[in-house]
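J.: File name start.txt; file contents compact mmCIF, C-alpha atoms; full text below.
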```
# COMPACT_ATOMS: atom_id res chain seq x y z
CA MET A 4 -215.89 224.31 38.73
CA ASN A 5 -214.33 222.16 41.42
CA PRO A 6 -211.59 219.76 40.27
CA ILE A 7 -212.94 216.40 39.18
CA VAL A 8 -210.56 214.21 41.19
CA ARG A 9 -211.33 214.70 44.87
CA SER A 10 -209.24 211.90 46.38
CA LEU A 11 -206.50 209.50 45.30
CA LEU A 12 -208.56 206.82 47.01
CA GLU A 13 -211.24 207.22 44.33
CA ASN A 14 -209.80 204.44 42.22
CA ASP A 15 -210.74 200.84 41.49
CA LEU A 16 -209.61 198.38 44.16
CA TYR A 17 -207.82 196.24 41.61
CA LYS A 18 -205.49 199.14 40.80
CA PHE A 19 -204.26 199.02 44.39
CA THR A 20 -203.95 195.23 44.49
CA MET A 21 -202.05 195.07 41.17
CA TRP A 22 -199.95 198.06 42.22
CA GLN A 23 -198.87 196.29 45.40
CA ALA A 24 -198.12 193.03 43.60
CA LEU A 25 -196.01 194.72 40.90
CA LEU A 26 -194.20 196.94 43.40
CA HIS A 27 -193.09 193.79 45.20
CA SER A 28 -192.30 191.63 42.18
CA HIS A 29 -191.20 194.03 39.41
CA PRO A 30 -190.56 197.50 40.87
CA ASP A 31 -188.23 198.48 38.00
CA ALA A 32 -190.62 197.74 35.12
CA GLN A 33 -191.08 200.53 32.57
CA ALA A 34 -194.49 200.84 30.94
CA GLU A 35 -196.54 202.75 28.36
CA TYR A 36 -200.29 203.27 28.65
CA ALA A 37 -202.46 204.80 25.93
CA PHE A 38 -205.96 206.27 25.94
CA VAL A 39 -208.35 205.00 23.23
CA CYS A 40 -211.98 205.85 22.44
CA ARG A 41 -213.62 202.87 20.73
CA ASN A 42 -216.81 204.59 19.60
CA THR A 43 -217.70 207.88 17.94
CA PRO A 44 -218.44 210.71 20.39
CA VAL A 45 -221.10 213.34 19.78
CA TYR A 46 -218.40 216.01 19.59
CA PRO A 47 -214.61 215.65 19.13
CA LEU A 48 -212.74 214.68 22.28
CA SER A 49 -209.86 216.83 21.05
CA GLU A 50 -211.89 219.81 22.25
CA LEU A 51 -211.27 218.65 25.83
CA LYS A 52 -207.47 218.92 25.65
CA ALA A 53 -207.01 222.10 27.70
CA ASP A 54 -209.46 220.96 30.37
CA VAL A 55 -207.83 217.52 30.60
CA GLU A 56 -204.42 219.20 31.01
CA ARG A 57 -205.78 221.33 33.84
CA GLU A 58 -207.31 218.33 35.61
CA LEU A 59 -204.07 216.36 35.32
CA ASP A 60 -202.15 219.29 36.78
CA HIS A 61 -204.51 219.14 39.77
CA LEU A 62 -204.22 215.35 40.05
CA CYS A 63 -200.45 215.69 40.39
CA THR A 64 -200.84 217.93 43.47
CA LEU A 65 -202.80 215.34 45.44
CA PHE A 66 -201.56 212.94 48.11
CA PHE A 67 -203.17 210.27 50.29
CA ALA A 68 -204.67 211.64 53.51
CA GLU A 69 -203.92 209.96 56.83
CA ASP A 70 -207.43 208.56 57.22
CA GLU A 71 -207.23 207.12 53.69
CA LEU A 72 -203.93 205.42 54.47
CA ALA A 73 -205.41 204.08 57.70
CA TYR A 74 -208.33 202.65 55.75
CA LEU A 75 -205.99 200.88 53.32
CA ARG A 76 -204.02 199.48 56.26
CA SER A 77 -207.29 198.06 57.63
CA LEU A 78 -207.65 195.83 54.55
CA ARG A 79 -205.90 192.62 55.53
CA PHE A 80 -204.41 192.04 52.06
CA MET A 81 -202.73 195.48 51.94
CA LYS A 82 -199.17 195.21 53.26
CA SER A 83 -197.58 197.83 55.45
CA ASP A 84 -194.64 198.56 53.17
CA PHE A 85 -196.98 199.26 50.25
CA VAL A 86 -199.04 201.68 52.30
CA ASP A 87 -195.78 203.27 53.46
CA PHE A 88 -194.92 203.76 49.77
CA LEU A 89 -198.28 205.46 49.26
CA THR A 90 -197.52 207.94 52.06
CA VAL A 91 -194.84 209.50 49.84
CA PHE A 92 -196.41 208.78 46.45
CA ARG A 93 -197.23 211.66 44.11
CA PHE A 94 -198.25 211.47 40.46
CA GLN A 95 -195.52 213.00 38.29
CA ARG A 96 -196.80 215.30 35.55
CA LYS A 97 -193.74 214.60 33.40
CA PHE A 98 -194.90 211.01 32.90
CA ILE A 99 -198.19 211.88 31.15
CA THR A 100 -198.80 213.86 27.96
CA VAL A 101 -201.94 215.06 26.18
CA THR A 102 -201.96 215.76 22.44
CA THR A 103 -204.49 215.90 19.62
CA ASP A 104 -204.57 214.53 16.09
CA GLY A 105 -207.44 216.18 14.28
CA GLU A 106 -210.53 215.27 16.30
CA THR A 107 -208.72 212.53 18.24
CA LEU A 108 -207.56 213.03 21.83
CA ASN A 109 -204.31 211.23 22.63
CA ILE A 110 -203.16 210.63 26.20
CA HIS A 111 -199.98 208.67 26.91
CA ALA A 112 -198.47 207.75 30.28
CA VAL A 113 -194.88 206.53 30.00
CA GLY A 114 -192.46 205.79 32.82
CA PRO A 115 -191.90 203.40 35.74
CA GLN A 116 -194.95 201.17 35.88
CA VAL A 117 -195.48 201.68 39.60
CA HIS A 118 -195.66 205.43 38.91
CA VAL A 119 -197.85 205.48 35.78
CA MET A 120 -200.19 202.49 36.12
CA SER A 121 -202.69 204.31 38.33
CA PHE A 122 -203.20 207.21 35.94
CA GLU A 123 -205.67 204.98 34.06
CA ILE A 124 -208.87 205.30 36.09
CA PHE A 125 -208.38 208.99 36.82
CA VAL A 126 -207.84 209.78 33.14
CA LEU A 127 -210.98 207.87 32.17
CA TYR A 128 -213.32 209.54 34.61
CA ILE A 129 -211.76 212.96 33.99
CA VAL A 130 -212.47 212.63 30.26
CA ASN A 131 -215.96 211.26 30.92
CA GLU A 132 -217.01 214.01 33.29
CA LEU A 133 -215.62 216.78 31.07
CA TYR A 134 -217.43 215.27 28.09
CA PHE A 135 -220.82 214.90 29.77
CA ARG A 136 -220.73 218.38 31.31
CA ARG A 137 -221.60 219.70 27.85
CA PHE A 138 -224.99 217.95 27.88
CA ASP A 139 -228.09 219.19 29.68
CA GLN A 140 -227.47 218.08 33.27
CA GLN A 141 -231.04 218.50 34.50
CA VAL A 142 -232.54 216.46 31.67
CA SER A 143 -229.87 213.77 31.98
CA LEU A 144 -230.23 213.39 35.74
CA LEU A 145 -234.01 213.24 35.57
CA GLU A 146 -233.74 210.45 33.02
CA GLY A 147 -231.04 208.74 35.08
CA ARG A 148 -233.19 208.76 38.21
CA LYS A 149 -236.13 207.38 36.25
CA ARG A 150 -234.02 204.54 34.90
CA LEU A 151 -232.49 203.85 38.31
CA GLN A 152 -235.93 203.47 39.85
CA GLU A 153 -236.88 201.10 37.03
CA LYS A 154 -233.82 199.00 37.91
CA ILE A 155 -234.82 198.94 41.57
CA GLN A 156 -238.33 197.83 40.63
CA MET A 157 -236.79 195.18 38.41
CA LEU A 158 -234.78 193.91 41.39
CA HIS A 159 -237.87 193.78 43.59
CA ALA A 160 -239.76 191.82 40.92
CA PHE A 161 -236.79 189.48 40.53
CA GLY A 162 -236.93 188.85 44.28
CA GLU A 163 -240.33 187.21 43.81
CA GLU A 164 -238.79 184.37 41.79
CA VAL A 165 -238.07 180.98 43.33
CA ALA A 166 -234.70 181.18 45.05
CA LYS A 167 -231.70 179.39 43.63
CA LYS A 168 -229.11 177.58 45.72
CA ASN A 169 -226.85 180.65 45.84
CA PRO A 170 -227.97 184.28 46.36
CA PHE A 171 -227.99 186.97 43.68
CA GLU A 172 -225.29 189.58 44.36
CA PHE A 173 -224.13 192.50 42.25
CA PHE A 174 -221.52 195.24 42.62
CA ASP A 175 -220.81 198.73 41.31
CA PHE A 176 -217.98 198.67 38.75
CA GLY A 177 -218.84 202.09 37.35
CA VAL A 178 -216.09 204.55 38.27
CA ARG A 179 -214.20 204.61 34.97
CA ARG A 180 -217.08 205.47 32.62
CA ARG A 181 -219.46 207.36 34.88
CA PHE A 182 -221.60 210.33 33.90
CA SER A 183 -220.25 212.33 36.82
CA ALA A 184 -218.93 211.83 40.33
CA ALA A 185 -222.11 213.26 41.85
CA TRP A 186 -224.38 210.95 39.83
CA HIS A 187 -222.22 207.91 40.52
CA GLU A 188 -222.41 208.65 44.24
CA GLU A 189 -226.19 209.09 44.11
CA VAL A 190 -226.55 205.72 42.37
CA VAL A 191 -224.41 203.93 44.98
CA ILE A 192 -226.22 205.57 47.91
CA THR A 193 -229.61 204.71 46.42
CA LEU A 194 -228.75 201.08 45.74
CA ALA A 195 -227.21 200.59 49.19
CA LYS A 196 -230.39 202.00 50.76
CA GLU A 197 -233.04 200.43 48.52
CA VAL A 198 -231.68 196.96 47.69
CA PRO A 199 -229.00 196.02 50.25
CA GLN A 200 -230.00 192.37 49.95
CA TYR A 201 -228.57 192.36 46.40
CA PHE A 202 -226.12 195.27 46.25
CA LYS A 203 -222.95 194.04 47.93
CA GLY A 204 -220.15 196.50 47.26
CA SER A 205 -218.22 198.79 44.96
CA SER A 206 -214.91 198.73 43.14
CA ASN A 207 -214.60 202.43 44.10
CA VAL A 208 -212.42 202.41 47.23
CA TYR A 209 -213.42 205.98 48.11
CA PHE A 210 -217.10 204.99 48.22
CA ALA A 211 -216.30 201.78 50.10
CA LYS A 212 -214.60 203.80 52.83
CA LYS A 213 -217.18 206.59 52.91
CA TYR A 214 -220.26 204.36 53.05
CA GLY A 215 -218.99 201.22 54.77
CA LEU A 216 -219.28 199.09 51.62
CA THR A 217 -217.17 196.10 50.69
CA PRO A 218 -214.42 197.09 48.23
CA ILE A 219 -214.49 194.69 45.27
CA GLY A 220 -211.71 193.70 42.86
CA THR A 221 -208.67 191.53 42.32
CA MET A 222 -206.73 191.76 39.03
CA ALA A 223 -207.15 193.30 35.58
CA HIS A 224 -205.66 192.56 32.18
CA GLU A 225 -202.61 194.79 32.64
CA TYR A 226 -201.27 192.61 35.46
CA LEU A 227 -201.12 189.49 33.32
CA GLN A 228 -200.13 191.39 30.16
CA ALA A 229 -197.11 192.86 31.91
CA TYR A 230 -195.76 189.34 32.44
CA GLN A 231 -195.44 188.99 28.66
CA SER A 232 -192.41 191.28 29.03
CA PHE A 233 -190.88 190.01 32.26
CA GLY A 234 -188.35 187.62 30.75
CA VAL A 235 -190.30 184.39 31.15
CA ARG A 236 -191.09 182.11 28.22
CA LEU A 237 -194.11 183.67 26.53
CA ARG A 238 -196.04 180.41 26.70
CA ASP A 239 -195.62 180.46 30.50
CA PHE A 240 -196.51 184.08 31.30
CA GLN A 241 -200.00 183.32 32.66
CA LYS A 242 -198.75 180.61 34.98
CA VAL A 243 -195.97 182.81 36.33
CA ALA A 244 -198.35 185.75 36.84
CA LEU A 245 -200.87 183.56 38.68
CA GLU A 246 -198.14 182.00 40.82
CA ASP A 247 -196.79 185.43 41.80
CA TRP A 248 -200.35 186.48 42.71
CA VAL A 249 -200.75 183.44 44.94
CA GLN A 250 -197.47 184.18 46.67
CA GLU A 251 -198.40 187.84 47.16
CA TYR A 252 -201.90 187.31 48.57
CA ARG A 253 -201.71 183.86 50.17
CA GLY A 254 -205.39 183.04 49.68
CA ASP A 255 -206.93 186.50 49.57
CA LEU A 256 -208.23 188.09 46.34
CA GLY A 257 -208.78 184.72 44.72
CA ILE A 258 -210.73 185.57 41.55
CA ALA A 259 -208.60 185.00 38.43
CA LEU A 260 -209.17 186.88 35.16
CA THR A 261 -209.46 184.47 32.25
CA ASP A 262 -209.43 186.37 28.94
CA VAL A 263 -205.96 187.84 28.40
CA VAL A 264 -205.22 185.25 25.71
CA GLY A 265 -208.65 183.66 25.54
CA MET A 266 -210.53 181.22 27.75
CA ASP A 267 -209.19 178.05 26.11
CA ALA A 268 -205.57 179.11 26.60
CA PHE A 269 -206.33 180.16 30.16
CA LEU A 270 -207.83 176.78 31.06
CA ALA A 271 -204.81 175.03 29.56
CA ASP A 272 -202.72 176.83 32.20
CA PHE A 273 -205.27 176.66 35.02
CA ASP A 274 -204.30 173.24 36.34
CA LEU A 275 -205.37 171.43 39.51
CA TYR A 276 -202.96 173.50 41.60
CA PHE A 277 -204.47 176.83 40.54
CA ALA A 278 -208.02 175.45 40.45
CA LYS A 279 -207.73 174.57 44.13
CA LEU A 280 -205.94 177.77 45.16
CA PHE A 281 -208.17 180.33 43.42
CA ASP A 282 -211.70 180.96 44.67
CA GLY A 283 -213.12 181.48 41.20
CA LEU A 284 -212.93 183.17 37.81
CA ARG A 285 -213.93 186.47 36.20
CA HIS A 286 -215.56 186.68 32.77
CA ASP A 287 -214.88 189.81 30.66
CA SER A 288 -215.27 188.80 27.01
CA GLY A 289 -216.91 186.21 24.79
CA ASP A 290 -220.24 184.45 25.27
CA PRO A 291 -220.72 184.26 29.07
CA VAL A 292 -222.77 181.06 28.98
CA VAL A 293 -220.23 179.26 26.80
CA TRP A 294 -217.47 180.59 29.08
CA GLY A 295 -219.21 179.39 32.23
CA GLU A 296 -219.95 175.95 30.84
CA LYS A 297 -216.30 175.58 29.80
CA ALA A 298 -215.22 176.54 33.32
CA LEU A 299 -217.62 174.07 34.93
CA ALA A 300 -216.45 171.29 32.61
CA HIS A 301 -212.85 172.12 33.48
CA TYR A 302 -213.52 171.92 37.21
CA ALA A 303 -215.35 168.61 36.68
CA LYS A 304 -212.42 167.24 34.67
CA LEU A 305 -210.08 168.16 37.53
CA ARG A 306 -212.56 166.70 40.05
CA VAL A 307 -212.85 170.05 41.83
CA ASP A 308 -216.22 170.83 43.44
CA ALA A 309 -217.42 173.90 41.55
CA SER A 310 -220.18 174.58 44.09
CA ASN A 311 -217.50 176.13 46.30
CA LYS A 312 -216.25 178.42 43.52
CA ARG A 313 -217.51 181.78 42.27
CA PHE A 314 -217.99 183.11 38.75
CA VAL A 315 -217.86 186.91 38.50
CA PHE A 316 -219.35 188.37 35.32
CA SER A 317 -218.29 191.89 34.28
CA ASP A 318 -218.61 192.28 30.52
CA ALA A 319 -220.96 195.15 29.59
CA LEU A 320 -223.62 193.88 31.98
CA ASP A 321 -227.10 195.15 32.68
CA LEU A 322 -229.56 193.68 35.18
CA PRO A 323 -231.59 191.55 32.72
CA THR A 324 -228.38 189.91 31.49
CA ALA A 325 -227.23 189.37 35.06
CA PHE A 326 -230.58 187.80 35.98
CA SER A 327 -230.37 185.46 33.00
CA LEU A 328 -226.85 184.34 33.88
CA TYR A 329 -227.84 183.90 37.51
CA ARG A 330 -230.75 181.67 36.55
CA HIS A 331 -228.44 179.58 34.37
CA PHE A 332 -225.58 179.08 36.84
CA ALA A 333 -226.63 179.82 40.43
CA ASP A 334 -227.64 176.27 41.36
CA ARG A 335 -224.19 174.99 40.35
CA VAL A 336 -221.76 177.73 41.37
CA MET A 337 -221.70 180.97 43.35
CA THR A 338 -222.09 184.04 41.15
CA GLY A 339 -221.37 187.75 41.29
CA PHE A 340 -222.08 190.53 38.81
CA GLY A 341 -219.96 193.63 38.35
CA ILE A 342 -222.11 196.25 36.59
CA GLY A 343 -220.40 199.40 35.39
CA THR A 344 -221.64 201.80 32.74
CA ASN A 345 -225.25 200.62 32.95
CA LEU A 346 -225.34 201.79 36.58
CA SER A 347 -223.15 204.90 36.60
CA ASN A 348 -223.87 206.26 33.10
CA ASP A 349 -227.39 205.28 32.04
CA THR A 350 -228.89 208.74 31.59
CA GLY A 351 -230.14 208.69 28.01
CA VAL A 352 -226.94 210.17 26.57
CA PRO A 353 -224.83 207.57 24.68
CA ALA A 354 -221.86 206.53 26.82
CA LEU A 355 -218.27 206.76 25.69
CA ASN A 356 -216.46 203.46 25.20
CA ILE A 357 -213.07 204.62 26.43
CA VAL A 358 -210.12 202.67 27.78
CA MET A 359 -206.54 203.37 28.81
CA LYS A 360 -204.56 200.22 28.23
CA LEU A 361 -201.05 198.93 28.76
CA MET A 362 -199.42 198.97 25.32
CA ALA A 363 -195.78 198.16 26.09
CA CYS A 364 -193.67 197.10 29.04
CA ASN A 365 -189.88 197.09 29.31
CA GLY A 366 -189.65 198.23 25.70
CA GLN A 367 -191.67 195.29 24.38
CA PRO A 368 -195.24 195.26 23.06
CA VAL A 369 -197.91 193.48 25.11
CA ALA A 370 -201.38 192.46 24.05
CA LYS A 371 -204.74 191.05 25.06
CA LEU A 372 -206.29 188.45 22.77
CA SER A 373 -209.95 188.99 23.51
CA ASP A 374 -212.76 186.50 22.93
CA SER A 375 -214.94 189.44 21.83
CA ALA A 376 -214.65 191.41 18.61
CA GLY A 377 -213.25 194.91 19.13
CA LYS A 378 -211.57 194.25 22.47
CA THR A 379 -208.19 193.08 21.21
CA LEU A 380 -205.75 195.96 21.62
CA CYS A 381 -202.17 196.01 20.33
CA THR A 382 -200.31 198.31 17.96
CA ASP A 383 -197.71 195.72 16.96
CA GLU A 384 -199.26 193.32 14.45
CA THR A 385 -196.15 191.13 14.39
CA PHE A 386 -196.30 190.52 18.14
CA LEU A 387 -200.06 190.00 17.96
CA ALA A 388 -199.63 187.33 15.28
CA TYR A 389 -196.88 185.66 17.32
CA LEU A 390 -199.02 185.65 20.46
CA ARG A 391 -201.92 184.11 18.54
CA GLN A 392 -199.61 181.42 17.20
CA VAL A 393 -198.18 180.57 20.62
CA PHE A 394 -201.62 180.25 22.19
CA HIS A 395 -203.48 178.89 19.14
CA HIS A 396 -205.89 181.81 19.38
CA PRO A 397 -208.03 182.60 16.31
CA ALA A 398 -208.56 186.20 15.25
CA VAL A 399 -212.00 187.33 16.42
CA LYS A 400 -213.84 189.04 13.58
```
Written as structure tokens, how would this file's structure read?
T.:
Amino acid sequence: MNPIVRSLLENDLYKFTMWQALLHSHPDAQAEYAFVCRNTPVYPLSELKADVERELDHLCTLFFAEDELAYLRSLRFMKSDFVDFLTVFRFQRKFITVTTDGETLNIHAVGPQVHVMSFEIFVLYIVNELYFRRFDQQVSLLEGRKRLQEKIQMLHAFGEEVAKKNPFEFFDFGVRRRFSAAWHEEVVITLAKEVPQYFKGSSNVYFAKKYGLTPIGTMAHEYLQAYQSFGVRLRDFQKVALEDWVQEYRGDLGIALTDVVGMDAFLADFDLYFAKLFDGLRHDSGDPVVWGEKALAHYAKLRVDASNKRFVFSDALDLPTAFSLYRHFADRVMTGFGIGTNLSNDTGVPALNIVMKLMACNGQPVAKLSDSAGKTLCTDETFLAYLRQVFHHPAVK
């Protein structure tokens, strides 16, 4: 079969934006990323070891093509020195290892953060595609097409509702947990053709370039988590990370992620300065209605007009949930919905819940204190307890 990774551009936009920011602010950071499967697969992922090794070998032979570099240069927030760095960038095989422990597949990337951070998305969709190749492709794709058409019909029916103040817009966030590259591409092409009034872009930079879509994304958890190890007072890491982001992008990419140490702790740091500078907030854990109401109350307290802000929802979304959130918020704030697995891997076969997360940076543990059960990830219980104490964050059962 053809190698799974076809282009280094086939990555989430926020990997490039975080990559640039960290290359400029902390180019010497050392990091460790670990692969984790949060649910039980139909067959052991350890069986994929040899195939994963082969795909990683191929990944490490790739480089950015000239037209891909030119596309990145065309994005006004990508700086010339970063794209120059990408002209000579190659993944180094020595920085990533694959082992097994019984039925468990272990993948670790350890080395300079600006060299290992972008393994994440490639590892995830390599594992996904290898896993789903073992299922009946014809049956799965027939079911996937049926479900996709049902979603399109759902969107058309939704369009008959009375319009809210702000339009309904959703994006493809599905690269990391997709059924396959071919199916993901078919989904994106179909949505762009059938419902362009609602479908407004993709986090997949390769698709954005190929099909003239808007690339979507700003920051992920790893960016803020890394600042827990950068020598600032732990209590101040969010503020320093947000300030560095502002200085890097000067008004572009203005959606801030709120759930690295919980929404309450985020809002305590998100003062009038940041509330005015950032265009909006992204939800990724906890009850989205409670989250949104807290954000609106915070803007009101600061006397900031929330009607000019945007809430982006991205936590395990499907269209009915997105419609419900839109109905609740769209007269008060602009909204956007990043839908991942439910678009790119809804074929009747249970999806894998896999992640590859930053575990340590500069020899120190880092952590995310999620507002959702099961999303907190840290191997150092002492550090986790300390982080909870500093930010008054309760353990989520």
J.: Skip Glu71 (chain A) itself and residues of its chain fewer than 3 positions away, then list as number ranges by chain all residues within 12 Å of it, counting all atoms listed in the file.
T.: A: 10-13, 66-68, 74-78, 86, 89-90, 208-213
J.: Take CA of Ile124 (chain A) and CA of Ala37 (chain A) and report the distance between them in Å, one decimal.
T.: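 Between CA of Ile124 (chain A) and CA of Ala37 (chain A) the gap works out to 12.0 Å.
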J.: Find the residue from A:Leu299, A:Met359, A:Leu194, A:Met81 that sits nearest to Gln156 (chain A); use all atoms listed in the file when measuring.
T.: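 Ranked by minimum distance to Gln156 (chain A), first place goes to A:Leu194.
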J.: Counting all atoms listed in the file, which residue out of A:Phe326, A:Gly283, A:Phe19, A:Val39 sits closest to Phe161 (chain A)?
T.: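 Of A:Phe326, A:Gly283, A:Phe19, A:Val39, the one nearest Phe161 (chain A), counting all atoms listed in the file, is A:Phe326.
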J.: When you look at Ala300 (chain A) with a cut-off of 12 Å (counting only C-alpha atoms), what residues show up, excluding the ones that are within fewer than 5 positions of it in the same chain? I need them as a PyMOL selection string.
T.: chain A and resi 267+270+293-295+305-309+335
